[in-house]
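Structure file structure.txt (compact mmCIF, N, CA, C and O atoms) follows.
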```
# COMPACT_ATOMS: atom_id res chain seq x y z
N MET D 1 -39.71 -12.42 6.44
CA MET D 1 -40.43 -13.24 5.50
C MET D 1 -39.86 -12.94 4.12
O MET D 1 -39.77 -11.79 3.71
N ASN D 2 -39.48 -13.99 3.40
CA ASN D 2 -38.93 -13.76 2.07
C ASN D 2 -40.05 -13.78 1.03
O ASN D 2 -41.24 -13.96 1.35
N ALA D 3 -39.68 -13.61 -0.23
CA ALA D 3 -40.67 -13.48 -1.30
C ALA D 3 -41.45 -14.78 -1.50
O ALA D 3 -42.67 -14.74 -1.76
N ASN D 4 -40.80 -15.93 -1.36
CA ASN D 4 -41.51 -17.20 -1.54
C ASN D 4 -42.54 -17.42 -0.44
O ASN D 4 -43.66 -17.89 -0.71
N GLN D 5 -42.18 -17.12 0.78
CA GLN D 5 -43.13 -17.28 1.88
C GLN D 5 -44.32 -16.33 1.72
O GLN D 5 -45.47 -16.71 1.97
N GLN D 6 -44.05 -15.10 1.29
CA GLN D 6 -45.14 -14.15 1.07
C GLN D 6 -46.05 -14.64 -0.05
O GLN D 6 -47.28 -14.53 0.03
N HIS D 7 -45.45 -15.20 -1.09
CA HIS D 7 -46.25 -15.72 -2.20
C HIS D 7 -47.15 -16.87 -1.74
O HIS D 7 -48.33 -16.95 -2.11
N LEU D 8 -46.59 -17.78 -0.92
CA LEU D 8 -47.40 -18.90 -0.42
C LEU D 8 -48.56 -18.39 0.44
O LEU D 8 -49.69 -18.90 0.33
N LEU D 9 -48.30 -17.40 1.27
CA LEU D 9 -49.36 -16.83 2.10
C LEU D 9 -50.44 -16.17 1.24
O LEU D 9 -51.65 -16.38 1.45
N ASP D 10 -50.01 -15.40 0.22
CA ASP D 10 -50.97 -14.75 -0.67
C ASP D 10 -51.76 -15.77 -1.48
O ASP D 10 -52.96 -15.60 -1.72
N ALA D 11 -51.11 -16.85 -1.91
CA ALA D 11 -51.80 -17.90 -2.67
C ALA D 11 -52.84 -18.59 -1.78
O ALA D 11 -53.95 -18.93 -2.25
N TYR D 12 -52.49 -18.83 -0.53
CA TYR D 12 -53.43 -19.45 0.41
C TYR D 12 -54.65 -18.55 0.63
O TYR D 12 -55.80 -19.01 0.59
N ARG D 13 -54.43 -17.28 0.85
CA ARG D 13 -55.53 -16.35 1.06
C ARG D 13 -56.42 -16.27 -0.18
O ARG D 13 -57.65 -16.21 -0.08
N ALA D 14 -55.76 -16.25 -1.38
CA ALA D 14 -56.54 -16.18 -2.63
C ALA D 14 -57.39 -17.44 -2.79
O ALA D 14 -58.55 -17.37 -3.24
N ALA D 15 -56.86 -18.60 -2.42
CA ALA D 15 -57.61 -19.86 -2.53
C ALA D 15 -58.78 -19.86 -1.55
O ALA D 15 -59.88 -20.37 -1.87
N GLN D 16 -58.59 -19.30 -0.36
CA GLN D 16 -59.67 -19.23 0.64
C GLN D 16 -60.81 -18.33 0.17
O GLN D 16 -61.97 -18.59 0.46
N ARG D 17 -60.46 -17.29 -0.56
CA ARG D 17 -61.46 -16.32 -1.02
C ARG D 17 -62.03 -16.67 -2.38
O ARG D 17 -62.94 -15.99 -2.87
N GLY D 18 -61.43 -17.65 -3.07
CA GLY D 18 -61.90 -18.02 -4.40
C GLY D 18 -61.38 -17.09 -5.49
O GLY D 18 -61.98 -16.98 -6.56
N GLU D 19 -60.26 -16.42 -5.24
CA GLU D 19 -59.67 -15.50 -6.22
C GLU D 19 -58.56 -16.19 -6.99
O GLU D 19 -58.11 -17.28 -6.64
N ALA D 20 -58.10 -15.54 -8.02
CA ALA D 20 -56.97 -16.07 -8.81
C ALA D 20 -55.69 -15.94 -7.99
O ALA D 20 -55.50 -14.94 -7.27
N PRO D 21 -54.81 -16.93 -8.08
CA PRO D 21 -53.55 -16.84 -7.32
C PRO D 21 -52.65 -15.73 -7.88
O PRO D 21 -52.69 -15.41 -9.07
N PRO D 22 -51.81 -15.15 -7.04
CA PRO D 22 -50.90 -14.09 -7.52
C PRO D 22 -49.79 -14.68 -8.38
O PRO D 22 -49.53 -15.88 -8.37
N VAL D 23 -49.14 -13.82 -9.11
CA VAL D 23 -48.03 -14.22 -9.97
C VAL D 23 -46.85 -14.63 -9.10
O VAL D 23 -46.55 -13.98 -8.09
N GLN D 24 -46.18 -15.70 -9.49
CA GLN D 24 -45.04 -16.18 -8.72
C GLN D 24 -43.89 -15.17 -8.80
O GLN D 24 -43.69 -14.51 -9.83
N PRO D 25 -43.11 -15.06 -7.70
CA PRO D 25 -41.98 -14.14 -7.75
C PRO D 25 -40.92 -14.62 -8.73
O PRO D 25 -40.61 -15.81 -8.79
N GLY D 26 -40.40 -13.70 -9.53
CA GLY D 26 -39.36 -14.04 -10.50
C GLY D 26 -39.91 -14.55 -11.81
O GLY D 26 -39.14 -14.98 -12.67
N ALA D 27 -41.21 -14.52 -12.00
CA ALA D 27 -41.80 -15.05 -13.23
C ALA D 27 -41.41 -14.21 -14.44
O ALA D 27 -41.26 -14.73 -15.54
N GLY D 28 -41.24 -12.90 -14.26
CA GLY D 28 -40.92 -12.04 -15.39
C GLY D 28 -39.45 -11.74 -15.54
O GLY D 28 -39.06 -10.95 -16.41
N THR D 29 -38.61 -12.37 -14.74
CA THR D 29 -37.18 -12.06 -14.77
C THR D 29 -36.55 -12.46 -16.09
O THR D 29 -35.81 -11.68 -16.69
N VAL D 30 -36.83 -13.66 -16.55
CA VAL D 30 -36.24 -14.15 -17.80
C VAL D 30 -36.70 -13.29 -18.96
O VAL D 30 -35.90 -12.91 -19.83
N ARG D 31 -37.98 -12.94 -18.98
CA ARG D 31 -38.50 -12.10 -20.05
C ARG D 31 -37.84 -10.72 -20.03
O ARG D 31 -37.49 -10.17 -21.08
N ALA D 32 -37.66 -10.15 -18.83
CA ALA D 32 -37.03 -8.83 -18.73
C ALA D 32 -35.59 -8.87 -19.22
O ALA D 32 -35.14 -7.96 -19.93
N VAL D 33 -34.85 -9.93 -18.89
CA VAL D 33 -33.46 -10.05 -19.35
C VAL D 33 -33.42 -10.17 -20.87
O VAL D 33 -32.58 -9.55 -21.53
N ARG D 34 -34.34 -10.95 -21.43
CA ARG D 34 -34.39 -11.09 -22.89
C ARG D 34 -34.69 -9.75 -23.55
O ARG D 34 -34.10 -9.41 -24.59
N GLU D 35 -35.61 -8.98 -22.98
CA GLU D 35 -35.94 -7.68 -23.56
C GLU D 35 -34.76 -6.70 -23.48
O GLU D 35 -34.52 -5.94 -24.41
N VAL D 36 -34.02 -6.75 -22.38
CA VAL D 36 -32.84 -5.88 -22.26
C VAL D 36 -31.79 -6.26 -23.30
O VAL D 36 -31.20 -5.39 -23.96
N LEU D 37 -31.55 -7.55 -23.46
CA LEU D 37 -30.57 -8.00 -24.47
C LEU D 37 -31.02 -7.63 -25.87
O LEU D 37 -30.20 -7.20 -26.70
N LEU D 38 -32.32 -7.78 -26.15
CA LEU D 38 -32.84 -7.40 -27.46
C LEU D 38 -32.68 -5.91 -27.70
O LEU D 38 -32.29 -5.47 -28.79
N TRP D 39 -32.94 -5.09 -26.68
CA TRP D 39 -32.77 -3.63 -26.81
C TRP D 39 -31.31 -3.27 -27.07
O TRP D 39 -31.02 -2.41 -27.89
N ARG D 40 -30.39 -3.94 -26.38
CA ARG D 40 -28.97 -3.63 -26.59
C ARG D 40 -28.53 -4.00 -28.00
O ARG D 40 -27.74 -3.28 -28.61
N ARG D 41 -29.03 -5.13 -28.51
CA ARG D 41 -28.69 -5.50 -29.90
C ARG D 41 -29.25 -4.46 -30.88
O ARG D 41 -28.56 -4.06 -31.82
N PHE D 42 -30.48 -4.03 -30.66
CA PHE D 42 -31.08 -3.02 -31.52
C PHE D 42 -30.30 -1.71 -31.45
O PHE D 42 -30.01 -1.09 -32.48
N ALA D 43 -29.95 -1.28 -30.24
CA ALA D 43 -29.22 -0.03 -30.08
C ALA D 43 -27.85 -0.10 -30.74
O ALA D 43 -27.35 0.89 -31.28
N SER D 44 -27.21 -1.26 -30.70
CA SER D 44 -25.88 -1.38 -31.32
C SER D 44 -25.97 -1.28 -32.84
O SER D 44 -25.03 -0.85 -33.50
N VAL D 45 -27.10 -1.66 -33.41
CA VAL D 45 -27.26 -1.58 -34.86
C VAL D 45 -27.56 -0.14 -35.29
O VAL D 45 -27.01 0.33 -36.29
N VAL D 46 -28.40 0.56 -34.56
CA VAL D 46 -28.81 1.89 -35.00
C VAL D 46 -27.90 3.01 -34.50
O VAL D 46 -28.03 4.14 -34.95
N THR D 47 -26.96 2.73 -33.59
CA THR D 47 -26.08 3.76 -33.07
C THR D 47 -24.90 3.97 -34.01
O THR D 47 -24.32 3.02 -34.51
N ASP D 48 -24.56 5.23 -34.23
CA ASP D 48 -23.41 5.59 -35.06
C ASP D 48 -22.15 5.02 -34.42
O ASP D 48 -21.98 5.10 -33.19
N PRO D 49 -21.23 4.46 -35.19
CA PRO D 49 -20.01 3.88 -34.60
C PRO D 49 -19.20 4.87 -33.77
O PRO D 49 -18.56 4.49 -32.80
N ALA D 50 -19.24 6.15 -34.11
CA ALA D 50 -18.48 7.14 -33.36
C ALA D 50 -19.09 7.41 -32.00
O ALA D 50 -18.43 7.94 -31.11
N ASP D 51 -20.37 7.07 -31.82
CA ASP D 51 -21.05 7.31 -30.55
C ASP D 51 -21.08 6.09 -29.64
O ASP D 51 -21.60 6.16 -28.54
N ARG D 52 -20.54 4.98 -30.08
CA ARG D 52 -20.53 3.79 -29.24
C ARG D 52 -19.51 3.94 -28.12
O ARG D 52 -18.59 4.74 -28.19
N PHE D 53 -19.67 3.12 -27.09
CA PHE D 53 -18.85 3.28 -25.88
C PHE D 53 -17.34 3.18 -26.14
O PHE D 53 -16.59 4.01 -25.64
N PRO D 54 -16.84 2.20 -26.89
CA PRO D 54 -15.38 2.14 -27.08
C PRO D 54 -14.81 3.41 -27.72
O PRO D 54 -13.76 3.89 -27.33
N ALA D 55 -15.53 3.96 -28.69
CA ALA D 55 -15.05 5.18 -29.34
C ALA D 55 -15.09 6.36 -28.38
O ALA D 55 -14.17 7.18 -28.35
N ARG D 56 -16.16 6.46 -27.57
CA ARG D 56 -16.24 7.55 -26.60
C ARG D 56 -15.15 7.44 -25.55
O ARG D 56 -14.54 8.43 -25.16
N ALA D 57 -14.89 6.21 -25.09
CA ALA D 57 -13.85 6.01 -24.08
C ALA D 57 -12.48 6.35 -24.65
O ALA D 57 -11.65 6.98 -23.97
N LEU D 58 -12.22 5.96 -25.89
CA LEU D 58 -10.93 6.27 -26.51
C LEU D 58 -10.75 7.77 -26.67
O LEU D 58 -9.67 8.31 -26.41
N ARG D 59 -11.82 8.49 -27.07
CA ARG D 59 -11.72 9.96 -27.17
C ARG D 59 -11.45 10.59 -25.83
O ARG D 59 -10.66 11.54 -25.72
N ALA D 60 -12.08 10.07 -24.77
CA ALA D 60 -11.86 10.64 -23.43
C ALA D 60 -10.42 10.42 -22.98
O ALA D 60 -9.79 11.32 -22.42
N VAL D 61 -9.87 9.25 -23.24
CA VAL D 61 -8.48 8.96 -22.85
C VAL D 61 -7.52 9.84 -23.64
O VAL D 61 -6.56 10.38 -23.09
N ARG D 62 -7.78 10.00 -24.92
CA ARG D 62 -6.90 10.84 -25.74
C ARG D 62 -6.94 12.30 -25.30
O ARG D 62 -5.91 12.97 -25.23
N SER D 63 -8.12 12.82 -24.99
CA SER D 63 -8.20 14.22 -24.58
C SER D 63 -7.56 14.41 -23.20
O SER D 63 -6.93 15.44 -22.95
N LEU D 64 -7.70 13.42 -22.33
CA LEU D 64 -7.04 13.52 -21.03
C LEU D 64 -5.52 13.51 -21.19
O LEU D 64 -4.81 14.30 -20.57
N GLY D 65 -5.01 12.63 -22.05
CA GLY D 65 -3.57 12.59 -22.30
C GLY D 65 -3.07 13.89 -22.90
O GLY D 65 -2.00 14.38 -22.54
N ALA D 66 -3.84 14.47 -23.82
CA ALA D 66 -3.43 15.73 -24.43
C ALA D 66 -3.41 16.86 -23.42
O ALA D 66 -2.52 17.71 -23.42
N SER D 67 -4.38 16.87 -22.51
CA SER D 67 -4.42 17.93 -21.52
C SER D 67 -3.30 17.77 -20.49
O SER D 67 -2.82 18.75 -19.94
N LEU D 68 -2.88 16.55 -20.23
CA LEU D 68 -1.77 16.34 -19.29
C LEU D 68 -0.43 16.69 -19.91
O LEU D 68 0.50 17.07 -19.22
N ARG D 69 -0.31 16.53 -21.23
CA ARG D 69 0.95 16.86 -21.91
C ARG D 69 1.11 18.35 -22.16
O ARG D 69 2.21 18.83 -22.38
N ARG D 70 0.01 19.10 -22.17
CA ARG D 70 0.04 20.53 -22.46
C ARG D 70 0.70 21.28 -21.30
O ARG D 70 0.31 21.12 -20.15
N PRO D 71 1.72 22.12 -21.57
CA PRO D 71 2.33 22.88 -20.47
C PRO D 71 1.36 23.95 -19.95
O PRO D 71 0.64 24.58 -20.71
N ARG D 72 1.36 24.11 -18.67
CA ARG D 72 0.47 25.09 -18.04
C ARG D 72 1.31 26.17 -17.36
O ARG D 72 2.33 25.87 -16.76
N PRO D 73 0.88 27.42 -17.45
CA PRO D 73 1.63 28.49 -16.79
C PRO D 73 1.51 28.36 -15.27
O PRO D 73 0.52 27.85 -14.76
N LEU D 74 2.53 28.85 -14.57
CA LEU D 74 2.49 28.79 -13.13
C LEU D 74 1.46 29.76 -12.55
O LEU D 74 0.84 29.50 -11.55
N HIS D 75 1.29 30.92 -13.20
CA HIS D 75 0.29 31.90 -12.77
C HIS D 75 -0.14 32.69 -13.99
O HIS D 75 0.53 32.71 -15.01
N ARG D 76 -1.24 33.35 -13.87
CA ARG D 76 -1.75 34.17 -14.97
C ARG D 76 -1.52 35.64 -14.66
O ARG D 76 -1.59 36.06 -13.51
N ASP D 77 -1.29 36.38 -15.70
CA ASP D 77 -1.12 37.83 -15.56
C ASP D 77 -2.51 38.45 -15.56
O ASP D 77 -3.24 38.36 -16.55
N PRO D 78 -2.92 39.08 -14.46
CA PRO D 78 -4.28 39.64 -14.40
C PRO D 78 -4.50 40.78 -15.38
O PRO D 78 -5.60 41.02 -15.81
N SER D 79 -3.43 41.49 -15.76
CA SER D 79 -3.62 42.61 -16.67
C SER D 79 -3.87 42.13 -18.10
O SER D 79 -4.46 42.84 -18.90
N ALA D 80 -3.44 40.93 -18.44
CA ALA D 80 -3.62 40.43 -19.80
C ALA D 80 -5.07 40.03 -20.06
O ALA D 80 -5.60 40.28 -21.13
N SER D 81 -5.73 39.45 -19.10
CA SER D 81 -7.09 38.97 -19.34
C SER D 81 -8.16 39.97 -18.90
O SER D 81 -9.30 39.84 -19.28
N GLY D 82 -7.80 40.90 -18.05
CA GLY D 82 -8.77 41.85 -17.55
C GLY D 82 -9.60 41.29 -16.41
O GLY D 82 -10.52 41.93 -15.95
N ALA D 83 -9.27 40.07 -15.97
CA ALA D 83 -10.03 39.46 -14.89
C ALA D 83 -9.58 40.02 -13.55
O ALA D 83 -8.43 40.41 -13.38
N VAL D 84 -10.49 40.08 -12.62
CA VAL D 84 -10.19 40.56 -11.28
C VAL D 84 -9.61 39.39 -10.48
O VAL D 84 -10.20 38.33 -10.41
N VAL D 85 -8.43 39.60 -9.92
CA VAL D 85 -7.79 38.56 -9.14
C VAL D 85 -7.84 38.98 -7.68
O VAL D 85 -7.36 40.05 -7.33
N ARG D 86 -8.42 38.16 -6.85
CA ARG D 86 -8.51 38.45 -5.43
C ARG D 86 -7.48 37.62 -4.70
O ARG D 86 -7.30 36.45 -5.01
N PRO D 87 -6.82 38.20 -3.70
CA PRO D 87 -5.83 37.41 -2.97
C PRO D 87 -6.51 36.37 -2.10
O PRO D 87 -7.67 36.51 -1.73
N ALA D 88 -5.75 35.32 -1.80
CA ALA D 88 -6.28 34.28 -0.92
C ALA D 88 -6.42 34.84 0.49
O ALA D 88 -5.74 35.81 0.87
N ALA D 89 -7.29 34.25 1.27
CA ALA D 89 -7.52 34.72 2.62
C ALA D 89 -6.25 34.59 3.45
O ALA D 89 -5.56 33.58 3.40
N GLY D 90 -5.91 35.64 4.19
CA GLY D 90 -4.73 35.62 5.05
C GLY D 90 -3.45 36.06 4.37
O GLY D 90 -2.41 36.11 5.01
N HIS D 91 -3.52 36.40 3.08
CA HIS D 91 -2.33 36.84 2.37
C HIS D 91 -2.42 38.34 2.11
O HIS D 91 -3.48 38.85 1.77
N PRO D 92 -1.31 39.07 2.25
CA PRO D 92 -1.35 40.51 2.02
C PRO D 92 -1.54 40.83 0.53
O PRO D 92 -1.15 40.07 -0.33
N VAL D 93 -2.14 41.97 0.28
CA VAL D 93 -2.34 42.43 -1.08
C VAL D 93 -1.11 43.22 -1.50
O VAL D 93 -0.69 44.14 -0.80
N ARG D 94 -0.54 42.87 -2.62
CA ARG D 94 0.63 43.61 -3.12
C ARG D 94 0.16 44.59 -4.16
O ARG D 94 -0.43 44.24 -5.17
N THR D 95 0.45 45.86 -3.93
CA THR D 95 -0.01 46.91 -4.84
C THR D 95 1.10 47.42 -5.74
O THR D 95 0.85 48.19 -6.64
N GLY D 96 2.33 47.03 -5.51
CA GLY D 96 3.42 47.51 -6.33
C GLY D 96 4.15 48.69 -5.72
O GLY D 96 5.19 49.10 -6.18
N ARG D 97 3.60 49.29 -4.65
CA ARG D 97 4.26 50.40 -3.97
C ARG D 97 4.99 49.86 -2.75
O ARG D 97 4.53 48.91 -2.13
N PRO D 98 6.09 50.48 -2.38
CA PRO D 98 6.78 50.05 -1.17
C PRO D 98 5.90 50.25 0.05
O PRO D 98 5.04 51.12 0.08
N ALA D 99 6.12 49.44 1.05
CA ALA D 99 5.31 49.52 2.27
C ALA D 99 5.55 50.86 2.97
O ALA D 99 6.67 51.37 3.02
N GLY D 100 4.51 51.46 3.49
CA GLY D 100 4.62 52.71 4.25
C GLY D 100 4.51 53.96 3.41
O GLY D 100 4.67 55.06 3.92
N THR D 101 4.27 53.88 2.13
CA THR D 101 4.15 55.07 1.29
C THR D 101 2.74 55.14 0.72
O THR D 101 2.51 54.92 -0.46
N ASP D 102 1.82 55.45 1.56
CA ASP D 102 0.44 55.56 1.13
C ASP D 102 0.17 57.04 0.82
O ASP D 102 0.30 57.91 1.67
N ALA D 103 -0.23 57.32 -0.41
CA ALA D 103 -0.46 58.71 -0.85
C ALA D 103 -1.70 59.30 -0.19
O ALA D 103 -1.81 60.50 -0.09
N ARG D 104 -2.60 58.46 0.26
CA ARG D 104 -3.82 58.97 0.85
C ARG D 104 -3.72 59.10 2.36
O ARG D 104 -4.71 59.40 3.02
N ARG D 105 -2.55 58.90 2.92
CA ARG D 105 -2.41 58.97 4.36
C ARG D 105 -2.60 60.43 4.82
O ARG D 105 -2.05 61.36 4.25
N ALA D 106 -3.38 60.59 5.85
CA ALA D 106 -3.63 61.93 6.38
C ALA D 106 -2.40 62.45 7.11
O ALA D 106 -1.62 61.68 7.66
N ALA D 107 -2.24 63.75 7.08
CA ALA D 107 -1.09 64.36 7.78
C ALA D 107 -1.29 64.21 9.27
O ALA D 107 -2.38 64.40 9.79
N SER D 108 -0.19 63.91 9.96
CA SER D 108 -0.27 63.73 11.39
C SER D 108 -0.27 65.08 12.08
O SER D 108 0.51 65.97 11.74
N PRO D 109 -1.14 65.31 13.07
CA PRO D 109 -1.16 66.60 13.75
C PRO D 109 0.06 66.77 14.67
O PRO D 109 0.33 67.87 15.12
N CYS D 110 0.79 65.70 14.91
CA CYS D 110 1.95 65.79 15.82
C CYS D 110 3.21 66.22 15.09
O CYS D 110 4.21 66.52 15.73
N SER D 111 3.24 66.29 13.79
CA SER D 111 4.49 66.62 13.12
C SER D 111 4.65 68.05 12.75
O SER D 111 3.95 68.92 12.84
```

In structure tokens, what does this structure look like?
Amino acid sequence: MNANQQHLLDAYRAAQRGEAPPVQPGAGTVRAVREVLLWRRFASVVTDPADRFPARALRAVRSLGASLRRPRPLHRDPSASGAVVRPAAGHPVRTGRPAGTDARRAASPCS
């Protein structure tokens, strides 16, 4: 059942009961569109030109272009920033010592 059929049914029931008929569907659509247009005109007058959409979009495009032109390092030196760098899962941790020379290795009882 669409909105017009529902309205006809409700109008019939209201007439049978002696009540006021319901508002027709779409009766406030034109008024709502006019109010939205009026609000947009008002907002365009009171909004600072730097905050309007074209200016915001232009700033976003410029900042994106600047960030794409900026050279980026291939990796960061963890000692320079003091940040803790964790290796990716499945990759060995490089400590700077050759493999097999662990100072904390316990002495073997077989040697």

task: Fewer than 6 positions away in the same chain doesn't count, so skip those; otherwise give me all residues within 10 Å of D:Ala3, counting only C-alpha atoms, as a PyMOL selection string.
output: chain D and resi 9+24-26

Include N, CA, C and O atoms and write out the residues we just selected as a compact mmCIF listing (two decimals), keeping the file's coordinate frame.
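What follows is the written file part.txt:
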```txt
# COMPACT_ATOMS: atom_id res chain seq x y z
N LEU D 9 -48.30 -17.40 1.27
CA LEU D 9 -49.36 -16.83 2.10
C LEU D 9 -50.44 -16.17 1.24
O LEU D 9 -51.65 -16.38 1.45
N GLN D 24 -46.18 -15.70 -9.49
CA GLN D 24 -45.04 -16.18 -8.72
C GLN D 24 -43.89 -15.17 -8.80
O GLN D 24 -43.69 -14.51 -9.83
N PRO D 25 -43.11 -15.06 -7.70
CA PRO D 25 -41.98 -14.14 -7.75
C PRO D 25 -40.92 -14.62 -8.73
O PRO D 25 -40.61 -15.81 -8.79
N GLY D 26 -40.40 -13.70 -9.53
CA GLY D 26 -39.36 -14.04 -10.50
C GLY D 26 -39.91 -14.55 -11.81
O GLY D 26 -39.14 -14.98 -12.67
```

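If you look at atom CA of D:Gly28 and atom CA of D:Tyr12, they are 21.5 Å away from each other.
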
query: Rounded to one decimal in Å, what is the spacing between atom CA of D:Arg62 and atom CA of D:Pro49?
result: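 Rounded to one decimal, the two atoms are 17.3 Å apart.
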
task: Using DSSP on the backbone, list every residue of stretch 4-68 of chain D that comes out as helix (DSSP H, G or I), and give them as a PyMOL selection string.
output: chain D and resi 4-17+29-46+49-51+53-68

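The spacing separating atom C of D:Gln6 from atom O of D:Ala20 amounts to 11.9 Å.
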
Around stretch 63-72 of chain D, fit a box with edges along x, y and z, padding it by 3 Å on each side, then list its centre and edge lengths in Å to one decimal as lines of an AutoDock Vina configuration file.
```
center_x = -2.9
center_y = 19.4
center_z = -20.9
size_x = 16.5
size_y = 19.6
size_z = 14.2
```

Where atoms are absent from stretch 50-57 of chain D, fill them in so it carries all heavy atoms, then output it as an mmCIF file, in the coordinates of the input.
```
data_model
loop_
_atom_site.group_PDB
_atom_site.id
_atom_site.type_symbol
_atom_site.label_atom_id
_atom_site.label_comp_id
_atom_site.auth_asym_id
_atom_site.auth_seq_id
_atom_site.Cartn_x
_atom_site.Cartn_y
_atom_site.Cartn_z
ATOM 1 N N ALA D 50 -19.240 6.150 -34.110
ATOM 2 C CA ALA D 50 -18.480 7.140 -33.360
ATOM 3 C C ALA D 50 -19.090 7.410 -32.000
ATOM 4 O O ALA D 50 -18.430 7.940 -31.110
ATOM 5 C CB ALA D 50 -18.380 8.434 -34.142
ATOM 6 N N ASP D 51 -20.370 7.070 -31.820
ATOM 7 C CA ASP D 51 -21.050 7.310 -30.550
ATOM 8 C C ASP D 51 -21.080 6.090 -29.640
ATOM 9 O O ASP D 51 -21.600 6.160 -28.540
ATOM 10 C CB ASP D 51 -22.489 7.760 -30.797
ATOM 11 C CG ASP D 51 -22.544 9.140 -31.406
ATOM 12 O OD1 ASP D 51 -21.562 9.898 -31.225
ATOM 13 O OD2 ASP D 51 -23.550 9.456 -32.058
ATOM 14 N N ARG D 52 -20.540 4.980 -30.080
ATOM 15 C CA ARG D 52 -20.530 3.790 -29.240
ATOM 16 C C ARG D 52 -19.510 3.940 -28.120
ATOM 17 O O ARG D 52 -18.590 4.740 -28.190
ATOM 18 C CB ARG D 52 -20.223 2.551 -30.079
ATOM 19 C CG ARG D 52 -21.340 2.261 -31.054
ATOM 20 C CD ARG D 52 -21.106 1.014 -31.818
ATOM 21 N NE ARG D 52 -22.137 0.886 -32.856
ATOM 22 C CZ ARG D 52 -21.979 0.227 -33.972
ATOM 23 N NH1 ARG D 52 -20.858 -0.393 -34.219
ATOM 24 N NH2 ARG D 52 -22.956 0.174 -34.846
ATOM 25 N N PHE D 53 -19.670 3.120 -27.090
ATOM 26 C CA PHE D 53 -18.850 3.280 -25.880
ATOM 27 C C PHE D 53 -17.340 3.180 -26.140
ATOM 28 O O PHE D 53 -16.590 4.010 -25.640
ATOM 29 C CB PHE D 53 -19.270 2.261 -24.820
ATOM 30 C CG PHE D 53 -18.431 2.355 -23.582
ATOM 31 C CD1 PHE D 53 -18.611 3.407 -22.696
ATOM 32 C CD2 PHE D 53 -17.454 1.427 -23.315
ATOM 33 C CE1 PHE D 53 -17.835 3.518 -21.563
ATOM 34 C CE2 PHE D 53 -16.672 1.521 -22.186
ATOM 35 C CZ PHE D 53 -16.866 2.572 -21.310
ATOM 36 N N PRO D 54 -16.840 2.200 -26.890
ATOM 37 C CA PRO D 54 -15.380 2.140 -27.080
ATOM 38 C C PRO D 54 -14.810 3.410 -27.720
ATOM 39 O O PRO D 54 -13.760 3.890 -27.330
ATOM 40 C CB PRO D 54 -15.171 0.922 -27.968
ATOM 41 C CG PRO D 54 -16.352 0.069 -27.725
ATOM 42 C CD PRO D 54 -17.492 1.018 -27.473
ATOM 43 N N ALA D 55 -15.530 3.960 -28.690
ATOM 44 C CA ALA D 55 -15.050 5.180 -29.340
ATOM 45 C C ALA D 55 -15.090 6.360 -28.380
ATOM 46 O O ALA D 55 -14.170 7.180 -28.350
ATOM 47 C CB ALA D 55 -15.886 5.470 -30.581
ATOM 48 N N ARG D 56 -16.160 6.460 -27.570
ATOM 49 C CA ARG D 56 -16.240 7.550 -26.600
ATOM 50 C C ARG D 56 -15.150 7.440 -25.550
ATOM 51 O O ARG D 56 -14.540 8.430 -25.160
ATOM 52 C CB ARG D 56 -17.618 7.541 -25.916
ATOM 53 C CG ARG D 56 -18.738 7.985 -26.804
ATOM 54 C CD ARG D 56 -20.000 8.253 -26.004
ATOM 55 N NE ARG D 56 -20.182 7.352 -24.897
ATOM 56 C CZ ARG D 56 -21.132 6.438 -24.785
ATOM 57 N NH1 ARG D 56 -22.007 6.300 -25.740
ATOM 58 N NH2 ARG D 56 -21.226 5.671 -23.716
ATOM 59 N N ALA D 57 -14.890 6.210 -25.090
ATOM 60 C CA ALA D 57 -13.850 6.010 -24.080
ATOM 61 C C ALA D 57 -12.480 6.350 -24.650
ATOM 62 O O ALA D 57 -11.650 6.980 -23.970
ATOM 63 C CB ALA D 57 -13.879 4.576 -23.574
#
```
